[in-house]
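Containing mmCIF, C-alpha atoms: target.cif.
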```cif
data_final
loop_
_atom_site.label_atom_id
_atom_site.label_comp_id
_atom_site.auth_asym_id
_atom_site.auth_seq_id
_atom_site.Cartn_x
_atom_site.Cartn_y
_atom_site.Cartn_z
CA MET M 8 1.04 55.80 22.87
CA ILE M 9 3.58 56.98 20.29
CA ARG M 10 5.65 60.17 20.46
CA VAL M 11 8.25 61.29 17.95
CA GLN M 12 9.95 64.46 19.11
CA GLU M 13 13.11 66.53 18.95
CA GLN M 14 13.19 67.52 22.62
CA ASP M 15 14.46 65.40 25.51
CA PHE M 16 12.12 63.58 27.90
CA ASP M 17 12.09 63.03 31.67
CA VAL M 18 11.93 59.29 32.39
CA GLY M 19 10.56 59.79 35.93
CA GLU M 20 7.84 62.10 34.69
CA GLU M 21 6.96 59.74 31.84
CA TYR M 22 6.78 56.80 34.27
CA ARG M 23 4.53 58.69 36.69
CA ARG M 24 2.19 59.73 33.90
CA PHE M 25 2.20 56.21 32.44
CA CYS M 26 1.05 54.69 35.76
CA ALA M 27 -1.18 57.51 36.96
CA GLY M 28 -4.62 56.41 38.11
CA ARG M 29 -4.04 52.72 37.40
CA THR M 30 -4.29 50.02 40.06
CA ASP M 31 -4.70 47.04 37.73
CA VAL M 32 -1.06 47.01 36.56
CA GLY M 33 1.24 44.36 38.05
CA GLY M 34 4.50 45.64 36.60
CA VAL M 35 6.11 48.12 34.23
CA CYS M 36 9.18 47.29 32.15
CA MET M 37 11.10 50.25 30.71
CA PHE M 38 14.05 50.54 28.38
CA VAL M 39 15.93 53.76 27.66
CA GLY M 40 18.44 53.97 24.80
CA LEU M 41 21.33 56.46 25.08
CA VAL M 42 23.90 57.97 22.74
CA ARG M 43 27.24 56.19 23.28
CA ASP M 44 30.55 58.04 22.98
CA PHE M 45 32.14 55.34 20.84
CA ALA M 46 31.14 53.27 17.84
CA PRO M 47 32.78 50.56 15.76
CA ILE M 48 33.90 52.13 12.48
CA ASP M 49 35.78 49.88 10.05
CA GLY M 50 36.36 47.31 12.76
CA ALA M 51 37.79 49.59 15.46
CA ASP M 52 36.09 51.61 18.19
CA VAL M 53 36.15 55.31 17.36
CA SER M 54 35.26 58.20 19.65
CA ILE M 55 31.92 59.86 18.79
CA SER M 56 31.32 63.53 19.56
CA ALA M 57 27.66 63.73 18.47
CA MET M 58 25.07 62.11 16.26
CA THR M 59 22.14 63.30 14.19
CA LEU M 60 19.06 61.18 13.73
CA GLU M 61 17.09 61.76 10.56
CA HIS M 62 13.65 60.23 10.12
CA TYR M 63 10.74 60.00 7.70
CA PRO M 64 7.91 62.06 9.21
CA GLY M 65 4.61 60.28 8.75
CA MET M 66 6.05 56.85 8.08
CA THR M 67 7.82 56.87 11.44
CA GLU M 68 4.58 57.41 13.34
CA LYS M 69 2.77 54.86 11.16
CA GLN M 70 5.42 52.17 11.66
CA LEU M 71 5.66 52.78 15.42
CA ALA M 72 1.86 52.56 15.73
CA ASP M 73 1.92 49.26 13.80
CA ILE M 74 4.72 47.91 16.02
CA GLU M 75 2.78 48.92 19.14
CA ALA M 76 -0.42 47.28 17.83
CA GLU M 77 1.53 44.11 17.04
CA ALA M 78 2.88 43.96 20.62
CA GLN M 79 -0.60 44.45 22.02
CA SER M 80 -1.94 41.63 19.86
CA ARG M 81 0.84 39.22 20.93
CA TRP M 82 0.81 39.85 24.69
CA GLN M 83 -1.78 40.75 27.30
CA LEU M 84 -0.72 44.35 27.97
CA ASP M 85 -2.36 47.14 29.93
CA ASP M 86 -0.54 49.94 28.14
CA THR M 87 2.51 50.73 26.02
CA LEU M 88 4.58 53.86 25.37
CA ILE M 89 7.20 54.53 22.72
CA ILE M 90 9.12 57.83 22.63
CA HIS M 91 11.73 58.30 19.91
CA ARG M 92 13.77 61.45 19.36
CA TYR M 93 15.26 62.86 16.19
CA GLY M 94 17.76 65.66 15.54
CA ARG M 95 21.25 66.24 16.97
CA MET M 96 22.28 64.54 20.21
CA GLU M 97 25.46 64.18 22.22
CA PRO M 98 26.91 61.24 24.18
CA GLY M 99 24.81 60.49 27.25
CA ASP M 100 21.65 61.95 25.72
CA GLN M 101 18.49 59.84 25.66
CA ILE M 102 17.35 58.68 22.22
CA VAL M 103 14.49 56.28 22.80
CA MET M 104 12.26 54.99 25.56
CA VAL M 105 9.78 52.15 25.64
CA ALA M 106 7.52 51.29 28.56
CA VAL M 107 5.17 48.34 28.86
CA ALA M 108 2.61 47.79 31.60
CA SER M 109 1.12 44.37 32.20
CA THR M 110 -0.51 42.25 34.87
CA HIS M 111 2.51 39.91 34.87
CA ARG M 112 6.21 40.55 34.41
CA ASP M 113 6.89 38.01 31.66
CA ALA M 114 4.65 39.80 29.19
CA ALA M 115 6.13 43.19 30.16
CA PHE M 116 9.76 42.04 29.73
CA GLU M 117 9.11 40.22 26.46
CA ALA M 118 6.99 42.96 24.90
CA ALA M 119 9.56 45.67 25.80
CA ARG M 120 12.30 43.67 24.08
CA PHE M 121 10.04 43.03 21.10
CA LEU M 122 9.25 46.76 20.73
CA MET M 123 12.95 47.67 20.73
CA ASP M 124 13.99 44.85 18.37
CA TRP M 125 11.26 45.65 15.90
CA LEU M 126 11.60 49.42 15.94
CA LYS M 127 15.33 49.07 15.24
CA THR M 128 14.57 47.38 11.92
CA LYS M 129 11.18 48.88 10.94
CA ALA M 130 10.93 52.50 12.14
CA PRO M 131 12.62 54.74 9.51
CA PHE M 132 15.43 56.43 11.45
CA TRP M 133 19.03 56.88 10.29
CA LYS M 134 22.00 57.81 12.45
CA LYS M 135 24.83 59.98 11.27
CA GLU M 136 27.76 59.91 13.68
CA GLU M 137 30.30 62.69 14.09
CA THR M 138 33.90 61.87 14.95
CA LYS M 139 36.58 64.54 15.35
CA ASP M 140 37.44 64.19 11.65
CA ALA M 141 34.20 63.55 9.84
CA ALA M 142 30.53 62.65 9.91
CA GLN M 143 29.30 59.40 8.46
CA TRP M 144 26.08 57.42 8.17
CA VAL M 145 25.94 54.37 10.38
CA ASP M 146 25.75 51.00 8.62
CA ALA M 147 22.88 48.76 9.63
CA ARG M 148 23.96 45.92 11.88
CA GLU M 149 23.40 42.29 11.19
CA SER M 150 22.87 41.75 14.92
CA ASP M 151 19.80 44.03 14.77
CA ASP M 152 18.32 41.92 11.97
CA THR M 153 19.06 38.76 13.93
CA ALA M 154 17.41 40.26 17.03
CA ALA M 155 14.30 41.20 15.04
CA LYS M 156 14.10 37.79 13.36
CA ARG M 157 13.64 36.02 16.67
CA TRP M 158 10.13 37.54 16.79
CA GLU M 159 9.05 36.35 13.37
CA LYS M 160 6.06 34.08 13.57
CA LYS M 161 6.82 30.55 12.42
CA MET Y 30 4.36 59.95 -7.97
CA ASN Y 31 5.86 61.75 -5.05
CA LEU Y 32 9.46 60.56 -4.60
CA LEU Y 33 11.38 61.03 -1.34
CA TYR Y 34 15.06 60.44 -0.58
CA PHE Y 35 16.58 60.07 2.88
CA ALA Y 36 20.02 59.95 4.55
CA TRP Y 37 22.87 59.27 2.09
CA LEU Y 38 20.44 58.76 -0.79
CA LYS Y 39 19.38 62.38 -0.31
CA GLU Y 40 23.02 63.49 -0.14
CA LYS Y 41 24.14 61.55 -3.21
CA THR Y 42 21.17 62.53 -5.41
CA GLY Y 43 21.10 66.07 -4.04
CA VAL Y 44 17.31 65.79 -3.92
CA ALA Y 45 14.99 65.44 -0.90
CA LYS Y 46 11.75 65.17 -2.87
CA GLU Y 47 10.41 65.42 -6.39
CA ASP Y 48 7.25 64.85 -8.40
CA LEU Y 49 7.66 62.37 -11.22
CA PRO Y 50 4.84 61.06 -13.39
CA LEU Y 51 4.76 57.29 -13.76
CA ALA Y 52 6.44 56.66 -17.12
CA ASP Y 53 5.40 54.07 -19.69
CA GLY Y 54 7.22 50.83 -19.05
CA VAL Y 55 7.70 51.55 -15.35
CA ALA Y 56 5.58 49.00 -13.49
CA THR Y 57 7.62 48.14 -10.42
CA VAL Y 58 10.05 49.68 -7.94
CA ALA Y 59 12.90 47.92 -9.79
CA ASP Y 60 11.82 49.62 -13.03
CA LEU Y 61 11.74 53.00 -11.31
CA ILE Y 62 15.24 52.48 -9.89
CA GLU Y 63 16.45 51.64 -13.40
CA GLN Y 64 14.85 54.85 -14.73
CA LEU Y 65 16.44 56.96 -11.96
CA THR Y 66 19.85 55.29 -12.37
CA ALA Y 67 19.78 56.21 -16.07
CA ARG Y 68 19.91 59.90 -15.07
CA GLY Y 69 23.57 59.27 -14.23
CA GLY Y 70 25.61 61.42 -11.81
CA GLY Y 71 24.53 61.30 -8.18
CA PHE Y 72 21.50 59.18 -9.04
CA ALA Y 73 23.64 56.47 -10.63
CA GLU Y 74 25.91 56.61 -7.59
CA ALA Y 75 23.02 56.44 -5.10
CA PHE Y 76 21.47 53.39 -6.77
CA ALA Y 77 24.74 51.68 -7.76
CA ASP Y 78 24.20 48.92 -5.21
CA SER Y 79 20.46 48.28 -4.88
CA SER Y 80 21.11 45.66 -2.18
CA ILE Y 81 21.70 48.51 0.30
CA VAL Y 82 18.73 50.60 -0.80
CA ARG Y 83 15.42 50.15 1.02
CA VAL Y 84 12.08 51.26 -0.39
CA ALA Y 85 8.70 52.23 1.05
CA VAL Y 86 5.55 52.75 -0.99
CA ASN Y 87 2.86 54.77 0.77
CA GLN Y 88 4.90 54.47 3.99
CA GLU Y 89 5.01 50.65 4.02
CA HIS Y 90 8.24 48.67 3.50
CA VAL Y 91 8.20 46.90 0.13
CA GLY Y 92 10.47 44.80 -2.07
CA LEU Y 93 11.86 45.71 -5.49
CA ASP Y 94 9.04 43.81 -7.19
CA ALA Y 95 6.30 46.05 -5.68
CA LYS Y 96 3.89 47.50 -8.26
CA LEU Y 97 3.57 51.27 -8.64
CA ASN Y 98 0.67 53.67 -9.25
CA ASP Y 99 0.90 57.31 -10.31
CA SER Y 100 -0.59 58.44 -6.97
CA ASP Y 101 2.05 56.62 -4.86
CA GLU Y 102 4.49 58.14 -2.42
CA VAL Y 103 7.76 56.26 -2.99
CA ALA Y 104 10.65 56.67 -0.56
CA PHE Y 105 14.27 55.52 -0.96
CA PHE Y 106 16.54 55.13 2.06
CA PRO Y 107 19.39 53.06 3.53
CA PRO Y 108 18.82 50.17 5.95
CA ILE Y 109 17.38 51.54 9.19
CA THR Y 110 19.67 52.45 12.08
CA GLY Y 111 17.42 53.91 14.77
CA GLY Y 112 16.81 53.00 18.39
#
```
Could you show the structure in this file as structure tokens?
Amino acid sequence: MIRVQEQDFDVGEEYRRFCAGRTDVGGVCMFVGLVRDFAPIDGADVSISAMTLEHYPGMTEKQLADIEAEAQSRWQLDDTLIIHRYGRMEPGDQIVMVAVASTHRDAAFEAARFLMDWLKTKAPFWKKEETKDAAQWVDARESDDTAAKRWEKK
Amino acid sequence: MNLLYFAWLKEKTGVAKEDLPLADGVATVADLIEQLTARGGGFAEAFADSSIVRVAVNQEHVGLDAKLNDSDEVAFFPPITGG
């Protein structure tokens, strides 16, 4: 399931709903991404007071659905969940959550990592960080591209 | 075509969306970028370095050589920084 929303989510509630009524699941792997209060800007860590996430409505949902379908075709999964927020957030706030349910843990761990790595390079979101002086768009990171590349099929 | 601009491309061009008929001689995304750059001002600034501009046609990521149709939705944005 895919959800793109402005409002916060409750991880416990999401987990309970995700597992409700299922007895065939062997394990659930979850990842939650948070807003950090610092970011590297021009080579030095700078304090961040807030960030705003812009996205491309329509394409975001389409890309996330494609990413989810790709995970389900690569691993034997019982269910998947991706929640991604947009709008203004402050340090400590939750930005993204992925959950993967599978019979065995290896598939759940790997698929959760795959979902995060791929959404960071394919789902159209852009972060604008606010420092005490200014707001600026975050540059894409090479490490995110490298992380996504590991999942390319040879 | 329906053109969309996001993040700093929206800020530099000053435009979020516009309708633009497919012009003669514009066959690919690269051609369209050349046409938009020729407007000068914020458009020239936004497309000054096409290596940091990403493009989607009909909500799929494409390269600069992608072909265009008049009914396409074409979006311009920076490299993605979500998650």
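With distances restricted to all atoms listed in the file, M:His62 is the closest residue to chain Y from M:His62, M:Arg23, M:Lys139, M:Lys156.
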Contacts of region 34-48 of chain Y at 12 Å (all atoms listed in the file; same-chain gap of 6+ positions) as a PyMOL selection string
(chain M and resi 59-64+131-136+142-146) or (chain Y and resi 65-66+68-79+81-85+99-110)
What is the CA of Arg24 (chain M) to CA of Ala155 (chain M) distance in Å?
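The value is 29.1 Å.
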Could you tell me, as a PyMOL selection string, exactly which residues end up selected when the PyMOL selection byres ((chain M) within 12 of (chain Y)) is applied to this structure?
chain M and resi 11+38-43+58-71+73+89-94+101-105+120+122-136+142-152
Listed atoms of region 84-101 of chain Y, axis-aligned box, 4 Å per side: centre and edge lengths to one decimal in Å, as JSON?
```
{"center_x": 5.7, "center_y": 51.1, "center_z": -3.1, "size_x": 20.7, "size_y": 22.6, "size_z": 22.3}
```
Cut-off 7 Å around (32.5, 60.1, 22.4) with only C-alpha atoms: residues as number ranges by chain:
M: 43-45, 54-56, 98
Kindly give the distance, in Å, that separates CA of Val32 (chain M) and CA of Asp86 (chain M), rounded to a single decimal.
8.9 Å
note - CA of Met8 (chain M) and CA of Thr153 (chain M) are separated by 26.4 Å
Mind checking which residues fall within 10 Å of Arg112 (chain M), counting all atoms listed in the file, ignoring those fewer than 4 positions away in the same chain, and posting them as a ChimeraX atom specification?
/M:32-36,107-108,116-118
Contacts of Gln83 (chain M) within 9 Å, all atoms listed in the file, excl. fewer than 5 positions in-chain, as a list of chain:residue names:
M:Ala78, M:Ser109, M:Thr110, M:His111, M:Ala114, M:Ala115
Residues within 7 Å of region 55-57 of chain Y, please, as a list of chain:residue names. Count only C-alpha atoms; anything in the same chain fewer than 3 positions from it doesn't count.
Y:Leu51, Y:Ala52, Y:Asp60, Y:Leu61, Y:Leu93, Y:Asp94, Y:Ala95, Y:Lys96, Y:Leu97
Generate the coordinates of all heavy atoms for region 87-98 of chain Y; report them as a short mmCIF file (atom, residue, chain, number, x, y, z; two decimals), in the coordinates of the input.
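Final file, out24.cif:
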```cif
data_model
loop_
_atom_site.label_atom_id
_atom_site.label_comp_id
_atom_site.auth_asym_id
_atom_site.auth_seq_id
_atom_site.Cartn_x
_atom_site.Cartn_y
_atom_site.Cartn_z
N ASN Y 87 3.93 54.30 -0.11
CA ASN Y 87 2.86 54.77 0.77
C ASN Y 87 3.15 54.42 2.24
O ASN Y 87 2.27 53.97 2.98
CB ASN Y 87 1.51 54.24 0.31
CG ASN Y 87 1.21 54.69 -1.11
OD1 ASN Y 87 1.56 55.80 -1.50
ND2 ASN Y 87 0.61 53.81 -1.91
N GLN Y 88 4.43 54.60 2.60
CA GLN Y 88 4.90 54.47 3.99
C GLN Y 88 4.88 53.04 4.53
O GLN Y 88 4.90 52.83 5.75
CB GLN Y 88 4.12 55.43 4.91
CG GLN Y 88 4.17 56.86 4.37
CD GLN Y 88 3.61 57.90 5.31
OE1 GLN Y 88 2.98 57.56 6.31
NE2 GLN Y 88 3.87 59.15 5.03
N GLU Y 89 4.85 52.05 3.62
CA GLU Y 89 5.01 50.65 4.02
C GLU Y 89 6.27 50.10 3.34
O GLU Y 89 6.49 50.34 2.15
CB GLU Y 89 3.80 49.81 3.56
CG GLU Y 89 2.49 50.18 4.21
CD GLU Y 89 2.39 49.79 5.69
OE1 GLU Y 89 3.28 49.06 6.18
OE2 GLU Y 89 1.43 50.22 6.34
N HIS Y 90 7.05 49.30 4.08
CA HIS Y 90 8.24 48.67 3.50
C HIS Y 90 7.81 47.71 2.38
O HIS Y 90 6.87 46.94 2.55
CB HIS Y 90 8.99 47.87 4.57
CG HIS Y 90 9.53 48.72 5.67
ND1 HIS Y 90 10.64 49.52 5.51
CD2 HIS Y 90 9.11 48.92 6.93
CE1 HIS Y 90 10.88 50.16 6.66
NE2 HIS Y 90 9.96 49.82 7.53
N VAL Y 91 8.52 47.79 1.26
CA VAL Y 91 8.20 46.90 0.13
C VAL Y 91 9.50 46.36 -0.49
O VAL Y 91 10.59 46.86 -0.24
CB VAL Y 91 7.40 47.62 -0.99
CG1 VAL Y 91 6.06 48.12 -0.47
CG2 VAL Y 91 8.21 48.75 -1.60
N GLY Y 92 9.34 45.35 -1.33
CA GLY Y 92 10.47 44.80 -2.07
C GLY Y 92 10.58 45.46 -3.43
O GLY Y 92 9.72 46.26 -3.82
N LEU Y 93 11.63 45.09 -4.18
CA LEU Y 93 11.86 45.71 -5.49
C LEU Y 93 10.81 45.33 -6.52
O LEU Y 93 10.65 46.00 -7.55
CB LEU Y 93 13.25 45.32 -6.02
CG LEU Y 93 14.45 45.79 -5.19
CD1 LEU Y 93 15.75 45.30 -5.81
CD2 LEU Y 93 14.47 47.31 -5.05
N ASP Y 94 10.06 44.25 -6.24
CA ASP Y 94 9.04 43.81 -7.19
C ASP Y 94 7.68 44.47 -6.96
O ASP Y 94 6.72 44.18 -7.67
CB ASP Y 94 8.90 42.28 -7.15
CG ASP Y 94 8.58 41.78 -5.74
OD1 ASP Y 94 8.64 42.59 -4.79
OD2 ASP Y 94 8.27 40.58 -5.60
N ALA Y 95 7.59 45.40 -5.98
CA ALA Y 95 6.30 46.05 -5.68
C ALA Y 95 5.81 46.85 -6.89
O ALA Y 95 6.59 47.53 -7.56
CB ALA Y 95 6.44 46.94 -4.46
N LYS Y 96 4.51 46.77 -7.14
CA LYS Y 96 3.89 47.50 -8.26
C LYS Y 96 3.68 48.97 -7.88
O LYS Y 96 3.48 49.29 -6.71
CB LYS Y 96 2.53 46.88 -8.59
CG LYS Y 96 2.62 45.43 -9.04
CD LYS Y 96 2.73 45.35 -10.56
CE LYS Y 96 2.61 43.93 -11.08
NZ LYS Y 96 3.71 43.04 -10.62
N LEU Y 97 3.72 49.83 -8.89
CA LEU Y 97 3.57 51.27 -8.64
C LEU Y 97 2.33 51.85 -9.32
O LEU Y 97 1.94 51.40 -10.40
CB LEU Y 97 4.81 52.02 -9.16
CG LEU Y 97 6.12 51.72 -8.43
CD1 LEU Y 97 7.29 52.39 -9.13
CD2 LEU Y 97 6.05 52.17 -6.97
N ASN Y 98 1.75 52.87 -8.66
CA ASN Y 98 0.67 53.67 -9.25
C ASN Y 98 1.11 55.13 -9.27
O ASN Y 98 1.95 55.54 -8.46
CB ASN Y 98 -0.61 53.56 -8.41
CG ASN Y 98 -1.20 52.19 -8.49
OD1 ASN Y 98 -1.54 51.70 -9.57
ND2 ASN Y 98 -1.29 51.52 -7.35
#
```
